[in-house]
file protein_2.txt (compact mmCIF, C-alpha atoms and all ligand atoms)
# COMPACT_ATOMS: atom_id res chain seq x y z
CA PRO L 1 -74.20 33.07 -38.84
CA ARG L 2 -73.44 34.70 -35.53
CA VAL L 3 -73.97 32.86 -32.24
CA LEU L 4 -73.79 33.91 -28.59
CA VAL L 5 -72.44 31.21 -26.26
CA THR L 6 -72.85 31.80 -22.53
CA GLY L 7 -70.17 30.34 -20.26
CA GLY L 8 -67.43 30.00 -22.87
CA SER L 9 -64.85 29.72 -20.09
CA GLY L 10 -66.30 26.37 -18.98
CA PHE L 11 -65.42 22.78 -19.95
CA LEU L 12 -68.45 22.30 -22.19
CA GLY L 13 -68.85 25.99 -23.13
CA GLY L 14 -65.27 26.17 -24.42
CA THR L 15 -65.80 23.06 -26.53
CA VAL L 16 -69.01 24.55 -27.95
CA VAL L 17 -67.12 27.76 -28.85
CA ASP L 18 -64.36 25.79 -30.58
CA THR L 19 -66.87 23.58 -32.42
CA LEU L 20 -68.70 26.65 -33.75
CA LEU L 21 -65.45 28.31 -34.84
CA ALA L 22 -64.36 25.14 -36.65
CA ARG L 23 -67.66 25.17 -38.55
CA GLY L 24 -67.16 28.77 -39.66
CA TYR L 25 -69.50 30.59 -37.28
CA SER L 26 -68.82 34.02 -35.86
CA VAL L 27 -69.00 33.69 -32.07
CA VAL L 28 -69.56 35.98 -29.11
CA THR L 29 -69.11 34.41 -25.69
CA THR L 30 -70.00 35.65 -22.23
CA VAL L 31 -67.41 35.37 -19.45
CA ARG L 32 -67.45 36.74 -15.91
CA SER L 33 -64.44 39.05 -16.18
CA THR L 34 -62.02 40.72 -18.58
CA GLU L 35 -59.28 38.47 -17.13
CA LYS L 36 -61.18 35.39 -18.31
CA ALA L 37 -61.64 36.94 -21.74
CA GLN L 38 -57.93 37.70 -21.89
CA GLN L 39 -57.08 34.13 -20.88
CA MET L 40 -59.39 32.68 -23.53
CA ARG L 41 -57.71 34.92 -26.12
CA LEU L 42 -54.21 33.79 -25.12
CA ASP L 43 -55.32 30.15 -25.23
CA ARG L 44 -56.60 30.54 -28.80
CA PRO L 45 -53.80 32.33 -30.66
CA HIS L 46 -55.03 31.09 -34.04
CA VAL L 47 -58.48 32.67 -33.61
CA SER L 48 -58.87 36.21 -34.94
CA ALA L 49 -60.44 38.96 -32.83
CA ASN L 50 -63.51 39.25 -35.04
CA GLN L 51 -64.17 35.50 -35.19
CA LEU L 52 -64.49 35.33 -31.40
CA GLU L 53 -65.66 38.30 -29.33
CA TYR L 54 -66.38 38.61 -25.62
CA ALA L 55 -69.16 40.09 -23.50
CA ILE L 56 -68.81 40.41 -19.73
CA VAL L 57 -71.70 38.99 -17.69
CA ARG L 58 -70.63 38.97 -14.06
CA ASP L 59 -73.48 37.08 -12.46
CA ILE L 60 -76.09 35.15 -14.36
CA ALA L 61 -78.30 35.00 -11.22
CA GLN L 62 -79.25 38.66 -11.77
CA LEU L 63 -82.25 39.06 -14.05
CA GLY L 64 -81.32 41.43 -16.84
CA ALA L 65 -77.70 40.23 -16.72
CA PHE L 66 -77.77 39.40 -20.44
CA ASP L 67 -79.52 42.57 -21.65
CA GLU L 68 -76.35 44.03 -23.14
CA ALA L 69 -74.70 40.80 -24.26
CA VAL L 70 -77.58 39.86 -26.57
CA GLN L 71 -77.37 43.22 -28.41
CA GLN L 72 -74.56 42.64 -30.90
CA ASN L 73 -73.47 44.23 -34.12
CA PRO L 74 -73.76 42.39 -36.48
CA PRO L 75 -76.84 41.00 -34.72
CA LEU L 76 -77.09 37.45 -33.40
CA ASP L 77 -78.84 34.59 -35.19
CA ALA L 78 -78.77 32.09 -32.33
CA VAL L 79 -77.89 31.70 -28.64
CA ILE L 80 -76.44 28.65 -26.85
CA HIS L 81 -76.80 28.90 -23.07
CA THR L 82 -74.33 26.62 -21.26
CA ALA L 83 -73.43 28.73 -18.18
CA SER L 84 -74.66 27.25 -14.90
CA PRO L 85 -72.87 26.24 -11.69
CA PHE L 86 -71.75 22.59 -11.67
CA HIS L 87 -70.18 21.53 -8.38
CA TYR L 88 -71.33 19.86 -5.18
CA ARG L 89 -70.05 22.42 -2.63
CA ILE L 90 -73.42 23.83 -1.67
CA ASP L 91 -74.00 25.97 1.44
CA ASP L 92 -77.25 27.59 0.41
CA VAL L 93 -78.95 25.76 -2.45
CA LYS L 94 -81.07 28.74 -3.50
CA ARG L 95 -78.19 31.20 -3.65
CA ASP L 96 -75.50 28.81 -4.91
CA MET L 97 -77.48 26.73 -7.39
CA LEU L 98 -81.14 27.52 -8.02
CA ASP L 99 -80.80 31.26 -8.61
CA PRO L 100 -77.94 31.13 -11.12
CA ALA L 101 -79.41 28.09 -12.91
CA VAL L 102 -83.03 29.24 -13.09
CA ASN L 103 -82.56 33.02 -13.31
CA GLY L 104 -79.68 32.50 -15.73
CA THR L 105 -81.91 30.49 -18.05
CA VAL L 106 -85.07 32.59 -17.78
CA GLY L 107 -82.93 35.74 -17.80
CA VAL L 108 -81.23 34.96 -21.08
CA LEU L 109 -84.58 34.10 -22.71
CA GLU L 110 -86.11 37.37 -21.45
CA SER L 111 -83.16 39.45 -22.67
CA ILE L 112 -83.37 37.85 -26.12
CA LYS L 113 -87.11 38.46 -26.32
CA LYS L 114 -86.71 42.11 -25.30
CA TYR L 115 -83.55 43.12 -27.14
CA ALA L 116 -82.55 40.61 -29.83
CA PRO L 117 -85.36 40.08 -32.34
CA SER L 118 -82.87 38.69 -34.89
CA VAL L 119 -82.38 35.53 -32.75
CA LYS L 120 -84.40 32.65 -34.18
CA ARG L 121 -82.89 29.64 -32.37
CA VAL L 122 -81.99 29.15 -28.71
CA VAL L 123 -80.38 26.01 -27.28
CA ILE L 124 -79.96 25.45 -23.54
CA THR L 125 -77.71 22.91 -21.84
CA SER L 126 -80.02 20.97 -19.61
CA SER L 127 -78.95 17.62 -18.16
CA PHE L 128 -79.93 14.05 -17.46
CA ALA L 129 -80.44 15.59 -14.00
CA SER L 130 -83.71 17.01 -15.38
CA MET L 131 -84.85 13.51 -16.40
CA TRP L 132 -83.66 11.18 -13.65
CA ASN L 133 -85.45 9.98 -10.56
CA ASN L 134 -88.73 9.43 -12.36
CA PRO L 135 -90.51 7.58 -9.54
CA ASN L 136 -92.46 5.44 -11.99
CA LYS L 137 -89.40 3.81 -13.50
CA PRO L 138 -88.80 0.24 -12.46
CA THR L 139 -85.22 -1.04 -12.36
CA GLY L 140 -84.21 -2.37 -15.76
CA SER L 141 -86.25 0.19 -17.72
CA THR L 142 -84.98 2.67 -20.27
CA TYR L 143 -84.60 6.46 -19.99
CA ASN L 144 -85.61 8.67 -22.90
CA GLU L 145 -86.75 12.24 -23.60
CA LYS L 146 -90.19 11.65 -22.05
CA ASP L 147 -88.71 11.31 -18.55
CA TRP L 148 -88.80 14.21 -16.09
CA ASN L 149 -87.25 14.73 -12.67
CA PRO L 150 -90.34 15.17 -10.43
CA VAL L 151 -88.78 17.95 -8.29
CA THR L 152 -90.75 21.24 -8.04
CA TRP L 153 -90.17 24.59 -6.32
CA GLU L 154 -92.33 23.24 -3.47
CA THR L 155 -90.02 20.23 -2.89
CA ALA L 156 -86.73 21.85 -3.94
CA LEU L 157 -85.63 22.81 -0.43
CA GLU L 158 -86.33 19.41 1.15
CA PRO L 159 -83.02 17.91 2.31
CA GLU L 160 -83.04 15.06 -0.22
CA ASN L 161 -83.34 17.59 -3.07
CA ALA L 162 -81.15 20.39 -1.73
CA ALA L 163 -77.77 19.02 -0.64
CA GLY L 164 -74.65 18.20 -2.67
CA GLN L 165 -75.26 16.39 -5.94
CA SER L 166 -79.06 16.49 -5.44
CA GLY L 167 -78.99 20.29 -5.13
CA TYR L 168 -77.21 20.52 -8.47
CA ARG L 169 -79.72 18.15 -10.07
CA THR L 170 -82.63 20.16 -8.70
CA SER L 171 -81.17 23.34 -10.21
CA LYS L 172 -80.99 21.78 -13.66
CA ALA L 173 -84.51 20.35 -13.50
CA LEU L 174 -86.09 23.64 -12.37
CA ALA L 175 -84.13 25.57 -14.99
CA GLU L 176 -85.31 23.40 -17.88
CA LYS L 177 -88.91 23.41 -16.63
CA ALA L 178 -88.80 27.21 -16.34
CA ALA L 179 -87.44 27.50 -19.90
CA TRP L 180 -90.30 25.51 -21.43
CA GLU L 181 -92.83 27.45 -19.32
CA PHE L 182 -91.32 30.70 -20.63
CA ILE L 183 -91.77 29.55 -24.24
CA GLU L 184 -95.37 28.50 -23.62
CA LYS L 185 -96.35 31.71 -21.85
CA GLU L 186 -94.33 34.30 -23.74
CA LYS L 187 -94.46 32.83 -27.25
CA PRO L 188 -91.21 34.57 -28.24
CA GLY L 189 -89.95 34.92 -31.81
CA PHE L 190 -87.37 32.14 -31.33
CA THR L 191 -87.53 28.38 -30.84
CA LEU L 192 -86.03 26.46 -27.91
CA THR L 193 -84.09 23.19 -27.87
CA ALA L 194 -82.76 21.47 -24.72
CA ILE L 195 -79.71 19.20 -24.76
CA ASN L 196 -79.75 16.71 -21.86
CA PRO L 197 -76.33 15.12 -21.38
CA PRO L 198 -75.46 12.70 -18.58
CA LEU L 199 -71.98 12.86 -16.98
CA ILE L 200 -69.60 14.40 -19.52
CA PHE L 201 -66.07 13.05 -20.04
CA GLY L 202 -63.57 14.01 -22.71
CA PRO L 203 -60.48 16.09 -23.26
CA VAL L 204 -60.10 19.31 -21.33
CA GLY L 205 -59.18 22.00 -23.81
CA ALA L 206 -57.65 25.39 -23.76
CA ASN L 207 -59.81 26.58 -20.85
CA THR L 208 -58.27 24.29 -18.25
CA SER L 209 -54.81 25.32 -17.16
CA SER L 210 -54.23 23.02 -14.16
CA VAL L 211 -55.57 19.83 -12.60
CA GLU L 212 -56.68 21.89 -9.59
CA GLY L 213 -59.16 23.69 -11.84
CA MET L 214 -60.53 20.43 -13.25
CA ASN L 215 -64.25 20.51 -14.05
CA THR L 216 -66.45 18.37 -11.81
CA SER L 217 -67.16 15.53 -14.24
CA ASN L 218 -63.47 14.87 -15.02
CA VAL L 219 -62.14 15.01 -11.44
CA ARG L 220 -62.28 11.21 -11.12
CA PHE L 221 -59.71 10.80 -13.91
CA VAL L 222 -57.24 12.97 -12.01
CA GLU L 223 -57.91 10.89 -8.89
CA PHE L 224 -57.32 7.64 -10.77
CA ILE L 225 -54.06 8.50 -12.51
CA THR L 226 -52.47 10.26 -9.51
CA GLY L 227 -53.18 7.34 -7.16
CA ALA L 228 -55.44 9.45 -4.91
CA VAL L 229 -58.12 6.73 -4.77
CA LYS L 230 -55.84 3.68 -5.00
CA GLU L 231 -57.01 2.38 -1.60
CA LYS L 232 -60.71 3.00 -2.24
CA CYS L 233 -62.38 3.54 -5.59
CA PRO L 234 -65.17 6.13 -5.16
CA PRO L 235 -68.78 5.17 -5.91
CA THR L 236 -69.72 5.86 -9.52
CA GLY L 237 -72.40 8.41 -8.54
CA SER L 238 -73.88 8.73 -12.05
CA LEU L 239 -75.67 6.29 -14.34
CA PHE L 240 -74.60 7.23 -17.87
CA TRP L 241 -71.82 9.07 -19.72
CA VAL L 242 -71.09 10.97 -22.98
CA ASP L 243 -68.05 12.69 -24.56
CA VAL L 244 -67.83 16.50 -24.46
CA ARG L 245 -67.10 16.74 -28.21
CA ASP L 246 -70.35 14.92 -29.04
CA VAL L 247 -72.36 17.07 -26.62
CA ALA L 248 -70.85 20.26 -28.05
CA LEU L 249 -71.69 19.15 -31.59
CA ALA L 250 -75.24 18.33 -30.47
CA HIS L 251 -75.70 21.96 -29.38
CA VAL L 252 -74.52 23.22 -32.78
CA LEU L 253 -76.62 20.72 -34.75
CA ALA L 254 -79.60 21.82 -32.69
CA ILE L 255 -79.33 25.35 -34.09
CA GLU L 256 -78.78 24.02 -37.62
CA LYS L 257 -81.60 21.46 -37.91
CA GLU L 258 -85.16 22.70 -38.36
CA GLU L 259 -86.65 19.63 -36.71
CA ALA L 260 -84.73 20.25 -33.47
CA ALA L 261 -86.95 23.26 -32.71
CA GLY L 262 -89.09 22.64 -29.63
CA GLN L 263 -87.34 19.34 -28.78
CA ARG L 264 -85.20 17.95 -25.99
CA TYR L 265 -82.38 15.49 -26.73
CA PHE L 266 -81.03 12.86 -24.35
CA THR L 267 -77.41 12.78 -25.53
CA ALA L 268 -76.24 9.77 -23.51
CA VAL L 269 -74.17 6.87 -24.81
CA ASP L 270 -74.66 4.09 -22.30
CA PRO L 271 -74.31 3.11 -18.64
CA PHE L 272 -70.86 2.99 -17.06
CA CYS L 273 -69.34 2.33 -13.67
CA ASN L 274 -66.01 3.52 -12.27
CA VAL L 275 -64.53 0.03 -12.65
CA ASP L 276 -65.03 0.36 -16.43
CA LEU L 277 -62.92 3.54 -16.36
CA VAL L 278 -60.21 1.91 -14.23
CA ASP L 279 -60.11 -1.09 -16.61
CA ILE L 280 -59.68 1.10 -19.70
CA ILE L 281 -57.00 3.27 -18.07
CA GLY L 282 -55.13 0.15 -16.92
CA GLU L 283 -55.22 -1.44 -20.37
CA SER L 284 -54.43 1.67 -22.43
CA PHE L 285 -51.89 3.18 -20.03
CA PRO L 286 -50.08 0.30 -18.26
CA LYS L 287 -47.78 2.86 -16.56
CA TYR L 288 -50.67 3.74 -14.20
CA LYS L 289 -51.21 0.15 -12.99
CA ASP L 290 -49.65 0.93 -9.60
CA GLN L 291 -51.76 4.06 -9.13
CA LEU L 292 -55.11 2.43 -9.85
CA PRO L 293 -57.36 0.73 -7.29
CA ALA L 294 -57.51 -3.06 -7.70
CA GLY L 295 -59.16 -6.08 -6.09
CA ASP L 296 -61.26 -5.24 -3.01
CA ALA L 297 -60.44 -1.53 -3.38
CA LEU L 298 -62.71 -1.54 -6.45
CA GLU L 299 -65.79 -2.62 -4.50
CA LEU L 300 -67.63 0.75 -4.38
CA GLY L 301 -66.96 1.43 -8.06
CA ARG L 302 -68.79 -1.64 -9.34
CA TYR L 303 -72.30 -1.82 -10.76
CA PRO L 304 -74.94 -2.74 -8.18
CA GLU L 305 -75.83 -6.42 -8.12
CA GLY L 306 -77.62 -7.30 -11.35
CA GLY L 307 -75.65 -4.80 -13.44
CA PRO L 308 -76.61 -1.32 -14.70
CA PRO L 309 -80.00 -0.42 -13.18
CA TYR L 310 -81.25 1.52 -16.24
CA LYS L 311 -80.75 1.60 -20.00
CA VAL L 312 -80.39 4.45 -22.51
CA ASP L 313 -82.49 5.23 -25.56
CA ASN L 314 -80.50 7.81 -27.56
CA SER L 315 -82.16 7.07 -30.91
CA LYS L 316 -83.74 10.53 -31.15
CA SER L 317 -80.31 12.23 -31.02
CA VAL L 318 -78.94 9.77 -33.58
CA LYS L 319 -81.88 10.08 -36.00
CA GLU L 320 -82.80 13.75 -35.74
CA LEU L 321 -79.45 15.39 -34.95
CA GLY L 322 -77.34 12.83 -36.81
CA LEU L 323 -75.02 12.33 -33.83
CA LYS L 324 -72.49 9.49 -33.86
CA PHE L 325 -71.29 8.86 -30.33
CA ARG L 326 -67.66 8.19 -29.46
CA THR L 327 -66.79 5.01 -27.56
CA LEU L 328 -65.92 5.00 -23.87
CA LYS L 329 -62.41 3.79 -24.75
CA GLU L 330 -61.73 6.76 -27.04
CA SER L 331 -63.20 9.23 -24.56
CA VAL L 332 -61.25 7.88 -21.58
CA GLU L 333 -57.98 7.74 -23.52
CA ASP L 334 -58.33 11.31 -24.78
CA THR L 335 -59.34 12.56 -21.33
CA VAL L 336 -56.29 10.98 -19.72
CA LYS L 337 -53.97 12.33 -22.42
CA SER L 338 -55.34 15.85 -21.91
CA ILE L 339 -54.75 15.59 -18.14
CA GLU L 340 -51.21 14.33 -18.76
CA ARG L 341 -50.50 17.49 -20.74
CA LEU L 342 -51.56 19.56 -17.70
CA LEU L 343 -49.47 17.47 -15.30
CA GLU L 344 -46.41 17.84 -17.54
CA LYS L 345 -46.84 21.64 -17.54
CA ALA L 346 -47.09 21.79 -13.72
P1 LIG L 401 -67.88 24.26 -15.82
O1 LIG L 401 -67.85 24.52 -14.37
O2 LIG L 401 -66.62 23.94 -16.51
O3 LIG L 401 -68.57 25.48 -16.56
C1 LIG L 401 -69.59 26.24 -15.99
C2 LIG L 401 -69.67 27.59 -16.70
O4 LIG L 401 -70.73 28.37 -16.13
C3 LIG L 401 -68.39 28.40 -16.54
O5 LIG L 401 -68.19 29.14 -17.70
C4 LIG L 401 -68.73 29.29 -15.35
O6 LIG L 401 -67.97 30.49 -15.34
C5 LIG L 401 -70.19 29.60 -15.65
N1 LIG L 401 -70.92 30.02 -14.44
C6 LIG L 401 -71.25 29.26 -13.38
N2 LIG L 401 -71.91 29.99 -12.46
C7 LIG L 401 -71.98 31.26 -12.95
C8 LIG L 401 -72.52 32.48 -12.47
N3 LIG L 401 -73.15 32.56 -11.28
N4 LIG L 401 -72.40 33.60 -13.24
C9 LIG L 401 -71.77 33.52 -14.44
N5 LIG L 401 -71.24 32.39 -14.95
C10 LIG L 401 -71.35 31.27 -14.22
O7 LIG L 401 -68.93 23.08 -15.99
P2 LIG L 401 -69.38 22.25 -17.28
O8 LIG L 401 -68.73 22.75 -18.49
O9 LIG L 401 -69.30 20.84 -16.95
O10 LIG L 401 -70.94 22.64 -17.34
C11 LIG L 401 -71.49 23.42 -18.39
C12 LIG L 401 -72.97 23.14 -18.50
O11 LIG L 401 -73.19 21.76 -18.77
C13 LIG L 401 -73.77 23.46 -17.23
O12 LIG L 401 -75.02 23.97 -17.63
C14 LIG L 401 -73.95 22.08 -16.60
O13 LIG L 401 -75.05 22.01 -15.76
C15 LIG L 401 -74.14 21.23 -17.86
N6 LIG L 401 -73.90 19.81 -17.70
C16 LIG L 401 -72.63 19.35 -17.38
C17 LIG L 401 -72.40 18.00 -17.23
C18 LIG L 401 -71.05 17.45 -16.93
O14 LIG L 401 -70.96 16.26 -16.61
N7 LIG L 401 -69.99 18.22 -17.05
C19 LIG L 401 -73.50 17.02 -17.40
C20 LIG L 401 -74.77 17.61 -17.75
C21 LIG L 401 -74.95 18.96 -17.90
P3 LIG L 401 -66.48 30.51 -14.66
O15 LIG L 401 -65.57 29.83 -15.63
O16 LIG L 401 -66.20 31.96 -14.52
O17 LIG L 401 -66.61 29.80 -13.35
call {"tool": "encode", "arguments": {"input": "protein_2.txt", "output": "structure tokens"}}
result
Amino acid sequence: PRVLVTGGSGFLGGTVVDTLLARGYSVVTTVRSTEKAQQMRLDRPHVSANQLEYAIVRDIAQLGAFDEAVQQNPPLDAVIHTASPFHYRIDDVKRDMLDPAVNGTVGVLESIKKYAPSVKRVVITSSFASMWNNPNKPTGSTYNEKDWNPVTWETALEPENAAGQSGYRTSKALAEKAAWEFIEKEKPGFTLTAINPPLIFGPVGANTSSVEGMNTSNVRFVEFITGAVKEKCPPTGSLFWVDVRDVALAHVLAIEKEEAAGQRYFTAVDPFCNVDLVDIIGESFPKYKDQLPAGDALELGRYPEGGPPYKVDNSKSVKELGLKFRTLKESVEDTVKSIERLLEKA
């Protein structure tokens, strides 16, 4: 089968591409420029030119951006849409976040409907961001696929929804809502599945060439092992975690399993706090002991009083997709080792 992956140059997108290739798929990936395509080629010398092809999509915020990319020969069987901005440097939330996230998602669905009738399965990378902040959830309760972020277009520009991390979360929630609305209204000839990961850790692969270019969710590991936050551990900022290899596999299983059609999957392992990460790094890599925050410097990285405020129910991903989640120890160790390889190259 032949699959289009959007955003193959990203942390997750690159892992999805490599997971598909390892399972024998023929892959086309969108990237923003020929330079990025060239870089991805150089980074994957073992992959032949017809196993992995490239389509240039310069700006996913433009409707129609995917019109050409979805028309492939041989034609596509499935599309996995991972491309979306993930950072907290927001000047204008509509331009920087909402337009690329929402138009990118609706745009790819429209292009497939118009120009790629061979596509039967579409998977989008949503996020726990589309589920969190359910106002009816008391502390101590459990998140699952029934939870929705209450943000709407009407409330999206209010300061608490529009700045920094909240602006990113709003973009993901509106994008997933728009995708399901598209399916309901347009009744296209393909099915939709949403994958909703929380904060993603795990090894950076071929796409990351330096620690300066580190993807947002792995930045804290660079800060820990270089001593940048030795005096003050940053607040954890997220509730739950998952490993990138498990999230990538979830996307592929979602195009393979019939029962995943029309579903969303909360691919989270369990709660974590930054102190957990510091503890694992300290135990597995004693050489970083002097770089890591300790004692009072850990204060902000601890769980709030009473422990993790929410729990995870990932049973749907385990039962229906057959996912087996990696442990935090394995994920942290492999993340650190991958960053060490970058630091050695520098
Ligand atoms: P990256 O920043 O590594 O990847 C983002 C990808 O999207 C890159 O390929 C990037 O292209 C592309 N992209 C962003 N904006 C545009 C645009 N305007 N036009 C074209 N391409 C664009 O982040 P991640 O791999 O972490 O994120 C991938 C997906 O996973 C996103 O949908 C994100 O919301 C989601 N996600 C990530 C989580 C995490 O913790 N990492 C958690 C939950 C969901 P380029 O390389 O050229 O910049």
call {"tool": "residues_near_point", "arguments": {"input": "protein_2.txt", "point": "(-86.7, 6.0, -10.5)", "cutoff": "12 Å", "atoms": "only C-alpha atoms", "output": "VMD selection string"}}
result
chain L and resid 129 131 to 143 147 to 150 239 309 to 310
call {"tool": "write_last_selection", "arguments": {"input": "protein_2.txt", "atoms": "C-alpha atoms", "output": "compact mmCIF listing (two decimals), in the frame of the given file"}}
result
# COMPACT_ATOMS: atom_id res chain seq x y z
CA ALA L 129 -80.44 15.59 -14.00
CA MET L 131 -84.85 13.51 -16.40
CA TRP L 132 -83.66 11.18 -13.65
CA ASN L 133 -85.45 9.98 -10.56
CA ASN L 134 -88.73 9.43 -12.36
CA PRO L 135 -90.51 7.58 -9.54
CA ASN L 136 -92.46 5.44 -11.99
CA LYS L 137 -89.40 3.81 -13.50
CA PRO L 138 -88.80 0.24 -12.46
CA THR L 139 -85.22 -1.04 -12.36
CA GLY L 140 -84.21 -2.37 -15.76
CA SER L 141 -86.25 0.19 -17.72
CA THR L 142 -84.98 2.67 -20.27
CA TYR L 143 -84.60 6.46 -19.99
CA ASP L 147 -88.71 11.31 -18.55
CA TRP L 148 -88.80 14.21 -16.09
CA ASN L 149 -87.25 14.73 -12.67
CA PRO L 150 -90.34 15.17 -10.43
CA LEU L 239 -75.67 6.29 -14.34
CA PRO L 309 -80.00 -0.42 -13.18
CA TYR L 310 -81.25 1.52 -16.24
call {"tool": "residues_near_ligand", "arguments": {"input": "protein_2.txt", "ligand": "ligand LIG 401 (chain L)", "cutoff": "8 Å", "atoms": "only C-alpha atoms and all ligand atoms", "output": "JSON, numbers by chain"}}
result
{"L": [6, 7, 8, 9, 10, 11, 12, 13, 14, 31, 32, 33, 36, 57, 58, 59, 60, 61, 81, 82, 83, 84, 85, 86, 87, 96, 100, 101, 104, 124, 125, 126, 127, 128, 129, 168, 172, 196, 197, 198, 199, 200, 201, 214, 215, 216, 217, 218, 241, 244]}
call {"tool": "closest_residue", "arguments": {"input": "protein_2.txt", "among": "L:Ile339, L:Ser209, L:Val242, L:Leu253", "to": "Leu42 (chain L)", "atoms": "only C-alpha atoms"}}
result
L:Ser209
call {"tool": "atom_distance", "arguments": {"input": "protein_2.txt", "atom1": "CA of Gln165 (chain L)", "atom2": "CA of Thr19 (chain L)"}}
result
28.7 Å
call {"tool": "atom_distance", "arguments": {"input": "protein_2.txt", "atom1": "CA of Leu292 (chain L)", "atom2": "CA of Lys230 (chain L)"}}
result
5.1 Å
call {"tool": "atom_distance", "arguments": {"input": "protein_2.txt", "atom1": "CA of Asp18 (chain L)", "atom2": "CA of Cys273 (chain L)"}}
result
29.3 Å
